[in-house]
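To be precise, the following lines are run-v8.tsv, and they hold TSV, C-alpha atoms.
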chain	number	residue	atom	x	y	z
A	1231	MET	CA	-46.53	-25.91	-49.19
A	1232	ARG	CA	-49.49	-23.94	-50.44
A	1233	ARG	CA	-47.87	-23.13	-53.78
A	1234	ILE	CA	-47.80	-26.60	-55.28
A	1235	PRO	CA	-51.54	-27.29	-54.86
A	1236	MET	CA	-52.37	-23.87	-56.34
A	1237	MET	CA	-50.15	-24.57	-59.36
A	1238	VAL	CA	-51.70	-28.01	-59.87
A	1239	SER	CA	-55.21	-26.53	-59.76
A	1240	ALA	CA	-54.23	-23.71	-62.13
A	1241	ALA	CA	-52.75	-26.27	-64.54
A	1242	ILE	CA	-55.99	-28.26	-64.50
A	1243	VAL	CA	-58.03	-25.15	-65.31
A	1244	VAL	CA	-55.67	-24.17	-68.15
A	1245	VAL	CA	-55.71	-27.69	-69.65
A	1246	ALA	CA	-59.52	-27.83	-69.44
A	1247	ILE	CA	-60.31	-24.34	-70.78
A	1248	ALA	CA	-57.43	-23.08	-72.97
A	1249	PRO	CA	-57.88	-25.57	-75.88
A	1250	TRP	CA	-61.46	-24.34	-76.37
A	1251	ILE	CA	-60.29	-20.75	-76.65
A	1252	VAL	CA	-57.41	-21.58	-79.00
A	1253	TRP	CA	-59.34	-23.85	-81.37
A	1254	TRP	CA	-62.92	-22.61	-80.92
A	1255	SER	CA	-63.28	-21.50	-84.57
A	1256	SER	CA	-61.87	-24.75	-85.97
A	1257	LEU	CA	-64.40	-26.89	-84.05
A	1258	PRO	CA	-67.66	-28.14	-85.61
A	1259	SER	CA	-70.80	-26.62	-84.03
A	1260	ASP	CA	-71.46	-29.96	-82.30
A	1261	VAL	CA	-68.54	-31.86	-80.78
A	1262	ALA	CA	-68.31	-35.57	-80.04
A	1263	THR	CA	-68.46	-36.15	-76.28
A	1264	HIS	CA	-69.15	-39.86	-75.97
A	1265	TRP	CA	-67.18	-42.69	-77.49
A	1266	ASP	CA	-67.38	-46.40	-78.02
A	1267	LEU	CA	-64.50	-48.70	-77.13
A	1268	SER	CA	-62.85	-48.37	-80.55
A	1269	GLY	CA	-62.76	-44.57	-80.20
A	1270	ASP	CA	-65.57	-43.74	-82.58
A	1271	PRO	CA	-68.11	-41.17	-81.41
A	1272	ASN	CA	-71.64	-42.15	-80.37
A	1273	GLY	CA	-72.74	-39.04	-78.51
A	1274	HIS	CA	-72.45	-35.29	-79.02
A	1275	LEU	CA	-73.15	-31.90	-77.47
A	1276	SER	CA	-73.02	-28.37	-78.82
A	1277	ARG	CA	-69.65	-26.63	-78.43
A	1278	ALA	CA	-70.94	-24.26	-75.76
A	1279	VAL	CA	-72.61	-26.96	-73.66
A	1280	ALA	CA	-69.56	-29.25	-73.89
A	1281	LEU	CA	-67.30	-26.39	-72.76
A	1282	ALA	CA	-69.69	-25.50	-69.93
A	1283	VAL	CA	-69.92	-29.09	-68.71
A	1284	LEU	CA	-66.33	-30.31	-69.14
A	1285	GLY	CA	-64.60	-27.00	-68.49
A	1286	GLY	CA	-67.03	-25.99	-65.74
A	1287	VAL	CA	-66.92	-29.24	-63.79
A	1288	SER	CA	-63.14	-29.62	-63.94
A	1289	THR	CA	-62.64	-25.96	-62.96
A	1290	ALA	CA	-65.06	-26.34	-60.03
A	1291	LEU	CA	-63.23	-29.47	-58.85
A	1292	ALA	CA	-59.81	-27.85	-59.24
A	1293	LEU	CA	-60.96	-24.80	-57.24
A	1294	GLY	CA	-62.58	-27.04	-54.63
A	1295	ALA	CA	-59.32	-28.93	-54.24
A	1296	ALA	CA	-57.36	-25.68	-53.92
A	1297	MET	CA	-59.73	-24.31	-51.28
A	1298	ARG	CA	-59.63	-27.47	-49.16
A	1299	PHE	CA	-56.01	-28.29	-49.79
A	1300	ARG	CA	-55.40	-29.58	-46.28
A	1301	ASP	CA	-58.28	-32.11	-46.37
A	1302	LEU	CA	-58.11	-35.68	-47.50
A	1303	ALA	CA	-60.85	-34.72	-49.95
A	1304	SER	CA	-58.48	-32.50	-51.93
A	1305	PRO	CA	-56.40	-35.23	-53.67
A	1306	ILE	CA	-59.63	-36.93	-54.69
A	1307	LEU	CA	-61.11	-33.69	-56.04
A	1308	ALA	CA	-57.83	-33.00	-57.87
A	1309	PHE	CA	-57.85	-36.50	-59.35
A	1310	VAL	CA	-61.40	-36.26	-60.69
A	1311	GLY	CA	-60.84	-32.66	-61.81
A	1312	CYS	CA	-57.72	-33.67	-63.71
A	1313	VAL	CA	-59.41	-36.66	-65.37
A	1314	ILE	CA	-62.32	-34.46	-66.54
A	1315	GLY	CA	-59.85	-31.74	-67.55
A	1316	SER	CA	-58.02	-34.29	-69.71
A	1317	ALA	CA	-61.37	-35.31	-71.19
A	1318	SER	CA	-62.01	-31.65	-71.98
A	1319	LEU	CA	-58.64	-31.35	-73.76
A	1320	SER	CA	-59.11	-34.62	-75.66
A	1321	THR	CA	-62.61	-33.55	-76.76
A	1322	VAL	CA	-61.19	-30.45	-78.43
A	1323	LEU	CA	-58.24	-32.27	-80.01
A	1324	ALA	CA	-60.49	-35.06	-81.35
A	1325	SER	CA	-62.99	-32.72	-83.03
A	1326	ARG	CA	-60.52	-30.01	-84.12
A	1327	ASP	CA	-60.54	-29.37	-87.89
A	1328	GLU	CA	-63.30	-31.99	-88.37
A	1329	PRO	CA	-66.31	-31.04	-90.52
A	1330	SER	CA	-68.74	-32.77	-88.15
A	1331	TRP	CA	-68.69	-34.57	-84.79
A	1332	THR	CA	-69.30	-37.91	-86.59
A	1333	THR	CA	-65.87	-37.92	-88.22
A	1334	ALA	CA	-63.98	-37.29	-84.96
A	1335	HIS	CA	-61.82	-40.00	-83.52
A	1336	LEU	CA	-60.48	-40.43	-80.00
A	1337	ALA	CA	-57.09	-42.08	-79.60
A	1338	PRO	CA	-57.47	-44.81	-76.95
A	1339	GLY	CA	-54.42	-43.58	-75.04
A	1340	TRP	CA	-56.34	-40.55	-73.73
A	1341	ILE	CA	-58.11	-42.47	-70.98
A	1342	GLY	CA	-54.84	-43.87	-69.67
A	1343	LEU	CA	-53.15	-40.48	-69.95
A	1344	GLY	CA	-56.03	-38.79	-68.10
A	1345	LEU	CA	-55.87	-41.33	-65.27
A	1346	ALA	CA	-52.08	-41.03	-65.06
A	1347	LEU	CA	-52.23	-37.22	-64.92
A	1348	GLY	CA	-55.01	-37.46	-62.33
A	1349	ALA	CA	-52.89	-39.77	-60.19
A	1350	GLY	CA	-50.00	-37.31	-60.48
A	1351	ALA	CA	-52.22	-34.39	-59.43
A	1352	ALA	CA	-53.59	-36.39	-56.50
A	1353	TRP	CA	-50.06	-37.30	-55.43
A	1354	LEU	CA	-48.90	-33.67	-55.53
A	1355	TYR	CA	-51.98	-32.67	-53.54
A	1356	SER	CA	-51.54	-35.44	-51.00
A	1357	ARG	CA	-48.18	-34.00	-49.97
A	1358	SER	CA	-49.91	-30.84	-48.78
A	1359	VAL	CA	-52.47	-32.66	-46.66
A	1360	SER	CA	-51.98	-31.43	-43.11
A	1361	THR	CA	-49.55	-33.34	-40.94
A	1362	PRO	CA	-51.16	-35.29	-38.12
A	1363	VAL	CA	-51.31	-33.99	-34.57
A	1364	VAL	CA	-50.10	-36.77	-32.30
A	1365	PRO	CA	-51.61	-36.58	-28.81
A	1366	SER	CA	-49.00	-36.67	-26.05
A	1367	THR	CA	-48.64	-39.96	-24.17
A	1368	GLY	CA	-50.46	-38.67	-21.10
A	1369	ASP	CA	-53.57	-37.70	-23.01
A	1370	ARG	CA	-54.04	-41.02	-24.73
A	1371	PRO	CA	-56.44	-43.60	-23.37
A	1372	THR	CA	-54.35	-46.67	-22.54
A	1373	LEU	CA	-55.43	-50.10	-21.36
A	1374	ALA	CA	-52.98	-51.60	-18.85
A	1375	LEU	CA	-51.91	-55.03	-20.07
A	1376	SER	CA	-49.44	-57.55	-18.71
A	1377	ASP	CA	-46.89	-59.07	-21.07
A	1378	SER	CA	-48.44	-62.54	-21.02
A	1379	GLU	CA	-51.97	-61.26	-21.62
A	1380	ARG	CA	-53.73	-61.68	-24.94
A	1381	VAL	CA	-56.38	-59.21	-25.92
A	1382	ALA	CA	-59.02	-58.94	-28.60
A	1383	TRP	CA	-61.25	-55.97	-29.20
A	1384	ILE	CA	-63.97	-56.46	-31.76
A	1385	GLY	CA	-66.36	-53.72	-32.81
A	1386	SER	CA	-68.20	-52.32	-35.79
A	1387	SER	CA	-70.02	-49.33	-37.14
A	1388	VAL	CA	-73.09	-49.45	-39.32
A	1389	SER	CA	-74.75	-46.81	-41.47
A	1390	GLN	CA	-78.50	-47.30	-41.68
A	1391	LEU	CA	-78.59	-44.66	-44.41
A	1392	LEU	CA	-76.14	-46.54	-46.64
A	1393	ARG	CA	-78.08	-49.75	-46.01
A	1394	VAL	CA	-81.25	-48.06	-47.23
A	1395	VAL	CA	-79.40	-46.67	-50.26
A	1396	ALA	CA	-77.99	-50.14	-51.03
A	1397	PHE	CA	-81.44	-51.68	-50.77
A	1398	ALA	CA	-82.95	-49.01	-53.03
A	1399	LEU	CA	-80.19	-49.60	-55.61
A	1400	LEU	CA	-80.80	-53.35	-55.37
A	1401	VAL	CA	-84.50	-52.92	-56.16
A	1402	PHE	CA	-83.77	-50.36	-58.87
A	1403	GLY	CA	-81.06	-52.57	-60.36
A	1404	ALA	CA	-83.30	-55.63	-60.39
A	1405	ILE	CA	-85.97	-53.67	-62.29
A	1406	SER	CA	-83.32	-52.21	-64.62
A	1407	LEU	CA	-82.22	-55.72	-65.62
A	1408	PHE	CA	-85.44	-55.85	-67.65
A	1409	THR	CA	-85.88	-52.22	-68.64
A	1410	LEU	CA	-82.41	-50.77	-69.34
A	1411	PRO	CA	-80.14	-51.95	-72.15
A	1412	GLU	CA	-77.21	-54.17	-71.16
A	1413	PRO	CA	-75.24	-53.71	-68.94
A	1414	GLY	CA	-77.20	-50.99	-67.10
A	1415	GLY	CA	-78.92	-53.27	-64.60
A	1416	VAL	CA	-75.73	-55.19	-63.84
A	1417	ILE	CA	-73.83	-51.96	-63.14
A	1418	ILE	CA	-76.54	-50.74	-60.76
A	1419	LEU	CA	-76.54	-54.11	-58.96
A	1420	LEU	CA	-72.75	-53.95	-58.60
A	1421	ALA	CA	-73.10	-50.43	-57.19
A	1422	ALA	CA	-75.67	-51.80	-54.71
A	1423	LEU	CA	-73.19	-54.44	-53.55
A	1424	LEU	CA	-70.44	-51.84	-53.24
A	1425	VAL	CA	-72.62	-49.54	-51.12
A	1426	ALA	CA	-73.81	-52.48	-49.00
A	1427	ASN	CA	-70.20	-53.52	-48.43
A	1428	PHE	CA	-69.23	-50.09	-47.12
A	1429	ALA	CA	-72.41	-49.70	-45.06
A	1430	SER	CA	-70.58	-51.38	-42.19
A	1431	ALA	CA	-67.01	-51.61	-40.95
A	1432	HIS	CA	-65.79	-54.47	-38.79
A	1433	VAL	CA	-62.80	-53.65	-36.66
A	1434	THR	CA	-60.55	-56.01	-34.73
A	1435	VAL	CA	-57.69	-54.95	-32.50
A	1436	SER	CA	-55.25	-57.61	-31.34
A	1437	ARG	CA	-51.51	-58.24	-31.16
A	1438	ALA	CA	-51.71	-58.76	-34.92
A	1439	GLY	CA	-52.71	-55.11	-35.27
A	1440	LEU	CA	-55.71	-53.04	-36.28
A	1441	ARG	CA	-57.77	-54.88	-38.86
A	1442	THR	CA	-60.76	-53.50	-40.75
A	1443	SER	CA	-63.05	-55.18	-43.23
A	1444	GLY	CA	-66.38	-54.45	-44.86
A	1445	THR	CA	-69.77	-56.16	-44.78
A	1446	PHE	CA	-68.57	-58.91	-47.14
A	1447	GLY	CA	-65.09	-59.17	-45.64
A	1448	TRP	CA	-63.50	-57.09	-48.39
A	1449	PRO	CA	-61.25	-55.18	-48.60
A	1450	ARG	CA	-59.19	-56.20	-45.59
A	1451	VAL	CA	-56.94	-53.49	-44.23
A	1452	THR	CA	-54.42	-54.59	-41.62
A	1453	ILE	CA	-52.06	-52.23	-39.84
A	1454	ARG	CA	-49.50	-54.11	-37.79
A	1455	ILE	CA	-48.97	-52.90	-34.22
A	1456	ASP	CA	-45.27	-52.22	-34.86
A	1457	ARG	CA	-46.23	-49.74	-37.60
A	1458	ILE	CA	-48.42	-47.70	-35.24
A	1459	ALA	CA	-47.09	-44.75	-33.24
A	1460	SER	CA	-50.28	-43.84	-31.38
A	1461	ALA	CA	-54.06	-44.15	-31.38
A	1462	ASP	CA	-56.84	-41.88	-30.21
A	1463	ALA	CA	-60.58	-41.59	-30.55
A	1464	ILE	CA	-61.89	-38.75	-32.70
A	1465	ASP	CA	-65.21	-37.46	-33.92
A	1466	VAL	CA	-65.22	-38.25	-37.64
A	1467	ASN	CA	-66.81	-35.78	-39.99
A	1468	PRO	CA	-67.18	-37.62	-43.35
A	1469	MET	CA	-66.70	-34.40	-45.34
A	1470	ARG	CA	-63.30	-33.81	-43.77
A	1471	TRP	CA	-62.16	-37.32	-44.63
A	1472	GLY	CA	-63.22	-37.36	-48.26
A	1473	GLY	CA	-66.72	-38.81	-47.93
A	1474	TRP	CA	-68.09	-42.28	-47.26
A	1475	GLY	CA	-66.48	-45.62	-47.99
A	1476	TYR	CA	-62.76	-46.35	-48.13
A	1477	ARG	CA	-61.11	-43.02	-48.92
A	1478	GLY	CA	-57.57	-42.12	-49.79
A	1479	SER	CA	-54.65	-44.51	-49.88
A	1480	LEU	CA	-51.97	-45.15	-47.30
A	1481	ARG	CA	-49.44	-45.84	-50.01
A	1482	LEU	CA	-50.23	-42.99	-52.42
A	1483	MET	CA	-51.74	-40.27	-50.23
A	1484	ARG	CA	-50.29	-41.12	-46.83
A	1485	ARG	CA	-53.80	-40.94	-45.44
A	1486	ALA	CA	-56.74	-43.28	-45.61
A	1487	ALA	CA	-60.14	-43.30	-43.95
A	1488	TRP	CA	-62.85	-45.94	-43.70
A	1489	VAL	CA	-66.03	-44.01	-43.09
A	1490	THR	CA	-69.51	-45.48	-42.69
A	1491	ARG	CA	-71.09	-42.63	-40.75
A	1492	LYS	CA	-70.50	-39.42	-38.84
A	1493	GLY	CA	-69.34	-39.95	-35.25
A	1494	PRO	CA	-66.72	-41.76	-33.18
A	1495	GLY	CA	-63.75	-43.35	-34.92
A	1496	VAL	CA	-60.29	-44.64	-34.15
A	1497	HIS	CA	-57.49	-42.49	-35.50
A	1498	VAL	CA	-54.02	-44.05	-35.70
A	1499	VAL	CA	-50.81	-42.28	-36.61
A	1500	LEU	CA	-48.19	-44.61	-38.06
A	1501	THR	CA	-44.51	-44.52	-37.27
A	1502	ASP	CA	-43.80	-43.02	-40.71
A	1503	GLY	CA	-46.33	-40.20	-40.18
A	1504	LYS	CA	-49.17	-41.74	-42.20
A	1505	GLU	CA	-52.70	-41.66	-40.83
A	1506	PHE	CA	-55.57	-44.13	-40.82
A	1507	VAL	CA	-59.08	-43.57	-39.53
A	1508	VAL	CA	-61.97	-45.99	-39.19
A	1509	THR	CA	-65.38	-45.18	-37.79
A	1510	VAL	CA	-66.38	-47.60	-35.05
A	1511	ASP	CA	-68.68	-47.66	-32.02
A	1512	GLY	CA	-66.66	-47.68	-28.79
A	1513	ALA	CA	-63.69	-45.98	-30.46
A	1514	GLU	CA	-62.31	-44.81	-27.11
A	1515	GLU	CA	-61.92	-48.39	-25.87
A	1516	ALA	CA	-60.45	-49.53	-29.20
A	1517	ALA	CA	-57.85	-46.74	-29.05
A	1518	ALA	CA	-57.03	-47.69	-25.45
A	1519	VAL	CA	-56.42	-51.29	-26.53
A	1520	VAL	CA	-54.11	-50.18	-29.37
A	1521	ASN	CA	-52.14	-47.95	-26.98
A	1522	GLY	CA	-52.04	-50.74	-24.38
A	1523	LEU	CA	-50.59	-53.12	-26.96
A	1524	LEU	CA	-48.06	-50.45	-27.98
A	1525	ALA	CA	-46.98	-50.02	-24.36
A	1526	THR	CA	-46.37	-53.75	-23.85
A	1527	SER	CA	-44.68	-54.30	-27.22
A	1528	THR	CA	-42.17	-51.48	-26.62
A	1529	SER	CA	-41.42	-52.53	-23.02
A	1530	ARG	CA	-40.07	-55.88	-24.25
B	1294	MET	CA	-66.35	-56.02	-27.20
B	1295	LEU	CA	-63.12	-56.39	-25.26
B	1296	VAL	CA	-61.87	-59.84	-24.30
B	1297	ARG	CA	-58.54	-60.40	-22.58
B	1298	VAL	CA	-57.11	-63.71	-21.49
B	1299	ASP	CA	-53.94	-64.65	-19.71
B	1300	PRO	CA	-52.50	-68.08	-20.58
B	1301	ALA	CA	-50.28	-67.77	-17.50
B	1302	ALA	CA	-53.31	-67.68	-15.16
B	1303	ALA	CA	-54.60	-70.80	-13.40
B	1304	GLU	CA	-58.15	-70.45	-14.75
B	1305	PRO	CA	-58.65	-72.25	-18.09
B	1306	LEU	CA	-58.83	-70.00	-21.16
B	1307	TYR	CA	-62.43	-70.93	-22.06
B	1308	ALA	CA	-63.54	-70.01	-18.52
B	1309	GLN	CA	-61.72	-66.65	-18.76
B	1310	ILE	CA	-63.48	-65.87	-22.03
B	1311	ALA	CA	-66.89	-66.91	-20.68
B	1312	ALA	CA	-66.35	-64.85	-17.51
B	1313	GLN	CA	-65.60	-61.70	-19.52
B	1314	VAL	CA	-68.64	-62.03	-21.75
B	1315	ARG	CA	-70.77	-62.80	-18.69
B	1316	ALA	CA	-69.44	-59.72	-16.90
B	1317	ALA	CA	-70.15	-57.56	-19.98
B	1318	ILE	CA	-73.75	-58.83	-20.03
B	1319	GLY	CA	-74.05	-58.30	-16.26
B	1320	LYS	CA	-72.89	-54.71	-16.59
B	1321	GLY	CA	-75.25	-54.03	-19.49
B	1322	ARG	CA	-72.42	-53.46	-21.95
B	1323	LEU	CA	-73.77	-56.29	-24.08
B	1324	VAL	CA	-77.52	-56.00	-24.49
B	1325	GLU	CA	-80.37	-58.11	-25.83
B	1326	GLY	CA	-79.94	-59.19	-29.44
B	1327	GLU	CA	-76.33	-58.14	-29.66
B	1328	GLN	CA	-74.20	-60.58	-31.59
B	1329	LEU	CA	-71.03	-62.05	-30.16
B	1330	PRO	CA	-68.12	-62.11	-32.62
B	1331	PRO	CA	-67.85	-65.29	-34.70
B	1332	ALA	CA	-65.81	-67.85	-32.75
B	1333	ARG	CA	-63.24	-68.04	-35.54
B	1334	ASP	CA	-62.63	-64.26	-35.51
B	1335	LEU	CA	-62.31	-64.06	-31.74
B	1336	ALA	CA	-60.03	-67.13	-31.66
B	1337	ASP	CA	-57.81	-65.65	-34.39
B	1338	ALA	CA	-57.53	-62.32	-32.57
B	1339	LEU	CA	-56.74	-63.95	-29.22
B	1340	GLY	CA	-54.41	-66.52	-30.73
B	1341	VAL	CA	-56.33	-69.42	-29.17
B	1342	ASN	CA	-57.99	-72.53	-30.63
B	1343	MET	CA	-61.47	-71.97	-32.07
B	1344	HIS	CA	-62.82	-74.80	-29.88
B	1345	THR	CA	-61.75	-72.87	-26.81
B	1346	VAL	CA	-64.04	-70.00	-27.82
B	1347	LEU	CA	-66.83	-72.39	-28.84
B	1348	ARG	CA	-66.63	-74.04	-25.41
B	1349	ALA	CA	-66.95	-70.63	-23.73
B	1350	TYR	CA	-69.98	-69.82	-25.90
B	1351	ALA	CA	-71.52	-73.24	-25.12
B	1352	ASP	CA	-71.13	-72.57	-21.38
B	1353	LEU	CA	-72.87	-69.20	-21.76
B	1354	ARG	CA	-75.68	-70.90	-23.67
B	1355	ASP	CA	-76.05	-73.54	-20.94
B	1356	GLU	CA	-76.30	-70.72	-18.38
B	1357	GLY	CA	-79.20	-69.29	-20.41
B	1358	LEU	CA	-77.35	-66.05	-21.27
B	1359	VAL	CA	-76.99	-66.44	-25.03
B	1360	GLU	CA	-78.68	-68.35	-27.79
B	1361	MET	CA	-76.85	-70.05	-30.62
B	1362	ARG	CA	-78.59	-70.36	-33.93
B	1363	ARG	CA	-77.40	-71.55	-37.26
B	1364	ARG	CA	-76.60	-68.63	-39.59
B	1365	ARG	CA	-77.71	-66.01	-37.04
B	1366	GLY	CA	-74.69	-66.60	-34.82
B	1367	VAL	CA	-74.53	-66.22	-31.07
B	1368	ARG	CA	-76.79	-63.54	-29.62
B	1369	VAL	CA	-77.41	-62.21	-26.13
B	1370	ARG	CA	-80.85	-63.16	-24.75
B	1371	GLY	CA	-83.21	-60.57	-23.33
B	1372	GLY	CA	-83.48	-59.73	-19.63
B	1373	VAL	CA	-80.48	-61.82	-18.60
B	1374	ASP	CA	-78.22	-59.15	-17.05
B	1375	GLY	CA	-79.35	-60.09	-13.51
B	1376	ARG	CA	-78.85	-63.74	-14.27
B	1377	ALA	CA	-75.38	-63.03	-15.65
B	1378	ARG	CA	-74.40	-61.26	-12.41
B	1379	LEU	CA	-75.82	-64.14	-10.35
B	1380	VAL	CA	-73.96	-66.81	-12.36
B	1381	GLY	CA	-70.80	-64.74	-11.95
B	1382	LEU	CA	-71.27	-64.51	-8.15
B	1383	VAL	CA	-71.99	-68.24	-7.89
B	1384	GLY	CA	-68.78	-68.88	-9.84
B	1385	ASP	CA	-66.86	-66.68	-7.37
B	1386	VAL	CA	-68.41	-68.54	-4.42
B	1387	ALA	CA	-67.55	-71.93	-5.93
B	1388	ALA	CA	-63.97	-70.81	-6.60
B	1389	GLU	CA	-63.58	-69.60	-3.01
B	1390	ALA	CA	-65.06	-72.89	-1.68
B	1391	ASN	CA	-62.58	-74.83	-3.81
B	1392	ARG	CA	-59.71	-72.77	-2.41
B	1393	GLN	CA	-60.82	-73.46	1.15
B	1394	GLY	CA	-61.41	-77.16	0.48
B	1395	VAL	CA	-65.16	-76.93	1.26
B	1396	THR	CA	-67.03	-79.96	-0.12
B	1397	LYS	CA	-69.96	-79.77	-2.56
B	1398	ALA	CA	-72.39	-81.06	0.05
B	1399	GLU	CA	-71.17	-78.49	2.58
B	1400	LEU	CA	-71.49	-75.61	0.11
B	1401	ARG	CA	-74.96	-76.77	-0.94
B	1402	ARG	CA	-76.02	-76.82	2.72
B	1403	LEU	CA	-74.66	-73.30	3.26
B	1404	ILE	CA	-76.53	-71.95	0.25
B	1405	GLU	CA	-79.80	-73.66	1.25
B	1406	GLU	CA	-79.53	-72.16	4.73
B	1407	ALA	CA	-78.83	-68.71	3.32
B	1408	MET	CA	-81.88	-68.87	1.07
B	1409	THR	CA	-84.48	-69.85	3.71
Please express the file's structure as structure tokens.
Amino acid sequence: MRRIPMMVSAAIVVVAIAPWIVWWSSLPSDVATHWDLSGDPNGHLSRAVALAVLGGVSTALALGAAMRFRDLASPILAFVGCVIGSASLSTVLASRDEPSWTTAHLAPGWIGLGLALGAGAAWLYSRSVSTPVVPSTGDRPTLALSDSERVAWIGSSVSQLLRVVAFALLVFGAISLFTLPEPGGVIILLAALLVANFASAHVTVSRAGLRTSGTFGWPRVTIRIDRIASADAIDVNPMRWGGWGYRGSLRLMRRAAWVTRKGPGVHVVLTDGKEFVVTVDGAEEAAAVVNGLLATSTSR
Amino acid sequence: MLVRVDPAAAEPLYAQIAAQVRAAIGKGRLVEGEQLPPARDLADALGVNMHTVLRAYADLRDEGLVEMRRRRGVRVRGGVDGRARLVGLVGDVAAEANRQGVTKAELRRLIEEAMT
């Protein structure tokens, strides 16, 4: 299993670095590194700096992904590394044989190609993410429920840090509306909303399943009870789950995590081996309710 | 917060919900300022009518355990854990009196005697 991630990372490094070596002498001394929507250049760096930035960052990400190939973070690192690696390749191809960076042109398909390759790399990496350890039935907290009983568990987790960050971005964005050129302020305000949304997670467990939503009710993730194999409470380390916010994808990476903070979270393993984690206060009780619902739904 | 109700039980659903929230306050699991889930969310999760949950919340407000404010939702009041336990015990006493067919006047007399 280890071979595929290594090969993906090696491919990213080759794609990001090799074009510079092959075509170094046919590049202008400054290369175009920033483009407008029509593909004409509006920003440039010297060859050496562009190589250091694009090649260096994508290589670092590819190596990071290879070193942490069992973590949920690795597909994300591979994705970003591959997108930047593609940017590195396209930078060389766009400026190759041009007399100056101003005459370079970027074909619009590069962005789509980079994203597609990134998605492919992330998918290959996601298959190497470690398989979940399912706790045996006896070790799981389980709430005893009768068949006629209805149960609702409602909890949440809040990150004060992310709230502060969101507030700072809000203030900064409001000021930027007047000081930065369009659409700088708007982008910062959108980022503030995004951070604020993921500063808290609201979790509901009921017969309908495990449901999670953010501060503003979006996105809404629902995992039906009949898709769940087991639940347990774990101590969530954001770095091991790819950082803060909604990380990964159940469909594409077979793992997803909703992380607002370090600390207790509910960890569910689905019947098809996928994994979902959400940080929440009182995770032990939430896991017990999920397992209780599982016990009554299978006894029918 | 965990709420479980049993439609097959004799006690009405709103009373079951109120009793669980009251018990959580009495045990200190819900503390001052803590917000109860929006009635719509809790009703959806339990599969009951929203008015059932609202009636439970209204009872808790009438008992002085929570306060309901527009926009701020339903929050637990401060220093009410003792009161929550007392209301719960009184409810148990009343239920037992009902079972034994003791009249209101009789129960009132018993409580007055016990308090002096």
Counting only C-alpha atoms, give me one row per residue of range 1353-1469 of chain A with an atom at most 8 Å from an atom of range 1300-1305 of chain B, showing the shortest contact pair and its distance in Å to one decimal, sorted by chain then residue number, as JSON lines.
{"residue": "A:Ser1378", "atom": "CA", "partner": "B:Ala1301", "partner_atom": "CA", "distance": 6.6}
{"residue": "A:Glu1379", "atom": "CA", "partner": "B:Pro1300", "partner_atom": "CA", "distance": 6.9}
{"residue": "A:Arg1380", "atom": "CA", "partner": "B:Pro1300", "partner_atom": "CA", "distance": 7.8}
I want to know what sits within 12 Å of Gly1371 in chain B, based on all atoms listed in the file, with residues of the same chain fewer than 6 positions away left out; could you give that as a VMD selection string?
chain B and resid 1318 to 1319 1321 1323 to 1327 1357 to 1360 1377
Counting all atoms listed in the file, collect the residues of chain A whose closest atom lies at most 10 Å from chain B, and write them out as an MDAnalysis selection string.
chainID A and resid 1375:1386 1434:1439 1441 1511:1512 1515:1516 1519
Next, dump the selected residues to file, keeping only C-alpha atoms, as a short mmCIF file (atom, residue, chain, number, x, y, z; two decimals), keeping the file's coordinate frame.
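Result file is selection.cif:
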data_model
loop_
_atom_site.label_atom_id
_atom_site.label_comp_id
_atom_site.auth_asym_id
_atom_site.auth_seq_id
_atom_site.Cartn_x
_atom_site.Cartn_y
_atom_site.Cartn_z
CA LEU A 1375 -51.91 -55.03 -20.07
CA SER A 1376 -49.44 -57.55 -18.71
CA ASP A 1377 -46.89 -59.07 -21.07
CA SER A 1378 -48.44 -62.54 -21.02
CA GLU A 1379 -51.97 -61.26 -21.62
CA ARG A 1380 -53.73 -61.68 -24.94
CA VAL A 1381 -56.38 -59.21 -25.92
CA ALA A 1382 -59.02 -58.94 -28.60
CA TRP A 1383 -61.25 -55.97 -29.20
CA ILE A 1384 -63.97 -56.46 -31.76
CA GLY A 1385 -66.36 -53.72 -32.81
CA SER A 1386 -68.20 -52.32 -35.79
CA THR A 1434 -60.55 -56.01 -34.73
CA VAL A 1435 -57.69 -54.95 -32.50
CA SER A 1436 -55.25 -57.61 -31.34
CA ARG A 1437 -51.51 -58.24 -31.16
CA ALA A 1438 -51.71 -58.76 -34.92
CA GLY A 1439 -52.71 -55.11 -35.27
CA ARG A 1441 -57.77 -54.88 -38.86
CA ASP A 1511 -68.68 -47.66 -32.02
CA GLY A 1512 -66.66 -47.68 -28.79
CA GLU A 1515 -61.92 -48.39 -25.87
CA ALA A 1516 -60.45 -49.53 -29.20
CA VAL A 1519 -56.42 -51.29 -26.53
#
Exercise: range 1448-1451 of chain A partners within 10 Å, only C-alpha atoms, chain neighbours under 4 positions left out, as a ChimeraX atom specification
/A:1424,1427-1428,1431-1433,1440-1444,1476,1488
Do you have the CA of Ala1295 in chain A-CA of Ile1314 in chain A distance handy?
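Atom-to-atom, CA of Ala1295 in chain A to CA of Ile1314 in chain A, that is 13.8 Å.
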Which residues are close to Ala1396 in chain A, i.e. within 8 Å by only C-alpha atoms, leaving aside same-chain residues fewer than 4 positions away? Reply as number ranges by chain.
A: 1392, 1400, 1421-1423, 1425-1426
Selected residues written out, C-alpha atoms, as a PDB file, in the frame of the given file:
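Just written: out-v4.pdb:
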ATOM      1  CA  LEU A1392     -76.140 -46.540 -46.640  1.00  0.00           C
ATOM      2  CA  LEU A1400     -80.800 -53.350 -55.370  1.00  0.00           C
ATOM      3  CA  ALA A1421     -73.100 -50.430 -57.190  1.00  0.00           C
ATOM      4  CA  ALA A1422     -75.670 -51.800 -54.710  1.00  0.00           C
ATOM      5  CA  LEU A1423     -73.190 -54.440 -53.550  1.00  0.00           C
ATOM      6  CA  VAL A1425     -72.620 -49.540 -51.120  1.00  0.00           C
ATOM      7  CA  ALA A1426     -73.810 -52.480 -49.000  1.00  0.00           C
TER       8      ALA A1426
END
